[in-house]
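Chemist: Can you keep this structure in mind? I'll have questions shortly.
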Amino acid sequence: MAAVSFLERFNLDTILARLYGRAWSWEKAVWAREKWQEISGGKPFLIKGIQRVDDAEKAADLGFEGIVVSNHAGRQVDGAIGSLDALEQISDKVGDRIVVTFDSGVRGAADIVKALALGAKFVFVGRLWIWGLSIMGEHGVRHVLKGLLADLDILMNVAGLNKVEDINKSLIQSQPISYKSRL
């Protein structure tokens with residue numbers, strides 16, 4: 001069977017209406033996952049923007065491969081709970097069932113270590129490489145990422161860690177969340 005492009009296979013209007021209709025829903029997420037699995041040959045599908053334990057549990061129950069704990073850099077709802085505040089409870093609850101990743105305001109090695117210590121299996125670093133790209137193109141991206149890795153190496157060395165897998169909750173003291181959000 002010849003490869004068929006995404007736009008040839010599905011009507012773009014249908015896709016946009018389903019994905020960007022008036023409200024997000026689990027039904028739309030399941031539909032998007034199914035379509036992604038069809039066109040990607042079964043590659044993993046993660047949901048970004050999970051901030052609550054019950055949503056993380058729902059994603060796991062529906063068979064999603066993983067989640068991205070994120071508040072979309074505060075652009076979506078600026079009064080929502082901080083993603084780092086949500087991460088520990090979410091990873092404690094579903095981290096053994098699905099891959100929990102983190103993306104929210106990561107600007108350095110310490111942010112990466114905090115997220116990994118709180119249970120993330122992977123930490124997205126968007127802002128840094130974009131800054132490098134905007135200033136120096138590909139060379140800027142390489143420079144920024146080399147600097148980030150060097151900072152991570154120094155931080156791990158100071159903490160007495162030999163490998164990333166050694167990062168755990170004992171390295172940090174998490175604070176209780178003093179407010180509740182239903183967003």
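Identifiers for the structure tokens are assigned positionally: chains receive A, B, ... in sequence, residues are indexed from 1 per chain, and ligands are indexed from 1 in the order shown.
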Could you name the residues that touch range 127-141 of chain A at 9 Å or less, counting only C-alpha atoms, but leaving out those on the same chain fewer than 3 positions away, as a list in words?
Modeler: Gly105, Val106, Arg107, Gly108, Val144, Leu145, Lys146 and Leu148 of chain A
Chemist: Create the file for the chosen residues now, containing N, CA and C atoms and written as a PDB file, in the first residue's frame.
Modeler:
ATOM      1  N   GLY A 105       8.751  25.983  31.745  1.00  0.00           N
ATOM      2  CA  GLY A 105       9.690  26.964  32.256  1.00  0.00           C
ATOM      3  C   GLY A 105      11.081  26.453  32.567  1.00  0.00           C
ATOM      4  N   VAL A 106      11.509  25.387  31.937  1.00  0.00           N
ATOM      5  CA  VAL A 106      12.840  24.829  32.196  1.00  0.00           C
ATOM      6  C   VAL A 106      13.885  25.760  31.578  1.00  0.00           C
ATOM      7  N   ARG A 107      14.767  26.269  32.443  1.00  0.00           N
ATOM      8  CA  ARG A 107      15.771  27.216  31.972  1.00  0.00           C
ATOM      9  C   ARG A 107      17.192  26.821  32.331  1.00  0.00           C
ATOM     10  N   GLY A 108      17.348  25.711  33.048  1.00  0.00           N
ATOM     11  CA  GLY A 108      18.695  25.306  33.423  1.00  0.00           C
ATOM     12  C   GLY A 108      18.735  23.907  33.995  1.00  0.00           C
ATOM     13  N   VAL A 144      24.086  26.289  23.249  1.00  0.00           N
ATOM     14  CA  VAL A 144      23.177  26.291  24.400  1.00  0.00           C
ATOM     15  C   VAL A 144      23.060  24.890  24.996  1.00  0.00           C
ATOM     16  N   LEU A 145      22.897  23.888  24.150  1.00  0.00           N
ATOM     17  CA  LEU A 145      22.739  22.522  24.660  1.00  0.00           C
ATOM     18  C   LEU A 145      24.028  22.002  25.298  1.00  0.00           C
ATOM     19  N   LYS A 146      25.179  22.352  24.730  1.00  0.00           N
ATOM     20  CA  LYS A 146      26.451  21.963  25.360  1.00  0.00           C
ATOM     21  C   LYS A 146      26.585  22.612  26.733  1.00  0.00           C
ATOM     22  N   LEU A 148      24.124  23.561  28.682  1.00  0.00           N
ATOM     23  CA  LEU A 148      23.155  22.921  29.568  1.00  0.00           C
ATOM     24  C   LEU A 148      23.690  21.578  30.075  1.00  0.00           C
TER      25      LEU A 148
END
Chemist: Do you know which residues are at most 8 Å from Gly49 in chain A counting only C-alpha atoms, after dropping those on the same chain fewer than 4 positions away, and could you put them as number ranges by chain?
Modeler: A: 67-72
Chemist: Could the residues in this selection be written to a file with N, CA and C atoms, as a CSV table (one decimal), in the first residue's frame?
Modeler:
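So the final result, stored in out.csv, reads:
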chain,number,residue,atom,x,y,z
A,67,ILE,N,2.1,11.3,29.3
A,67,ILE,CA,1.6,12.6,29.5
A,67,ILE,C,2.7,13.6,29.7
A,68,VAL,N,2.4,14.9,29.4
A,68,VAL,CA,3.4,16.0,29.6
A,68,VAL,C,2.8,16.8,30.7
A,69,VAL,N,3.3,16.9,31.9
A,69,VAL,CA,2.9,17.7,32.9
A,69,VAL,C,3.3,19.1,32.5
A,70,SER,N,2.4,20.0,32.3
A,70,SER,CA,2.7,21.3,31.7
A,70,SER,C,1.5,22.2,31.9
A,71,ASN,N,1.7,23.5,32.0
A,71,ASN,CA,0.6,24.5,31.9
A,71,ASN,C,0.8,25.4,30.7
A,72,HIS,N,1.5,24.8,29.7
A,72,HIS,CA,1.8,25.6,28.4
A,72,HIS,C,2.4,26.9,28.7
Chemist: Excluding Ile167 in chain A and any residue of its chain fewer than 5 positions from it, enumerate the residues within 12 Å of it, using only C-alpha atoms, and give them as a CSV table (one decimal) with C-alpha atoms, in the first residue's frame.
Modeler:
chain,number,residue,atom,x,y,z
A,110,ALA,CA,18.7,22.7,38.3
A,112,ILE,CA,15.9,19.4,35.0
A,113,VAL,CA,17.1,17.8,38.2
A,114,LYS,CA,14.1,19.0,40.1
A,115,ALA,CA,11.7,17.6,37.5
A,116,LEU,CA,13.5,14.3,37.4
A,117,ALA,CA,13.7,14.1,41.2
A,118,LEU,CA,9.9,14.6,41.4
A,119,GLY,CA,9.3,11.7,39.0
A,120,ALA,CA,9.5,12.9,35.4
A,121,LYS,CA,11.2,10.4,33.1
A,152,LEU,CA,24.0,19.3,34.5
A,155,LEU,CA,25.4,19.9,39.3
A,156,MET,CA,25.4,16.1,39.4
A,157,ASN,CA,29.1,16.1,40.4
A,159,ALA,CA,25.6,16.2,44.4
A,160,GLY,CA,27.7,13.1,44.2
A,161,LEU,CA,25.7,11.5,41.4
A,162,ASN,CA,27.3,9.4,38.7
A,172,ILE,CA,15.1,17.9,47.1
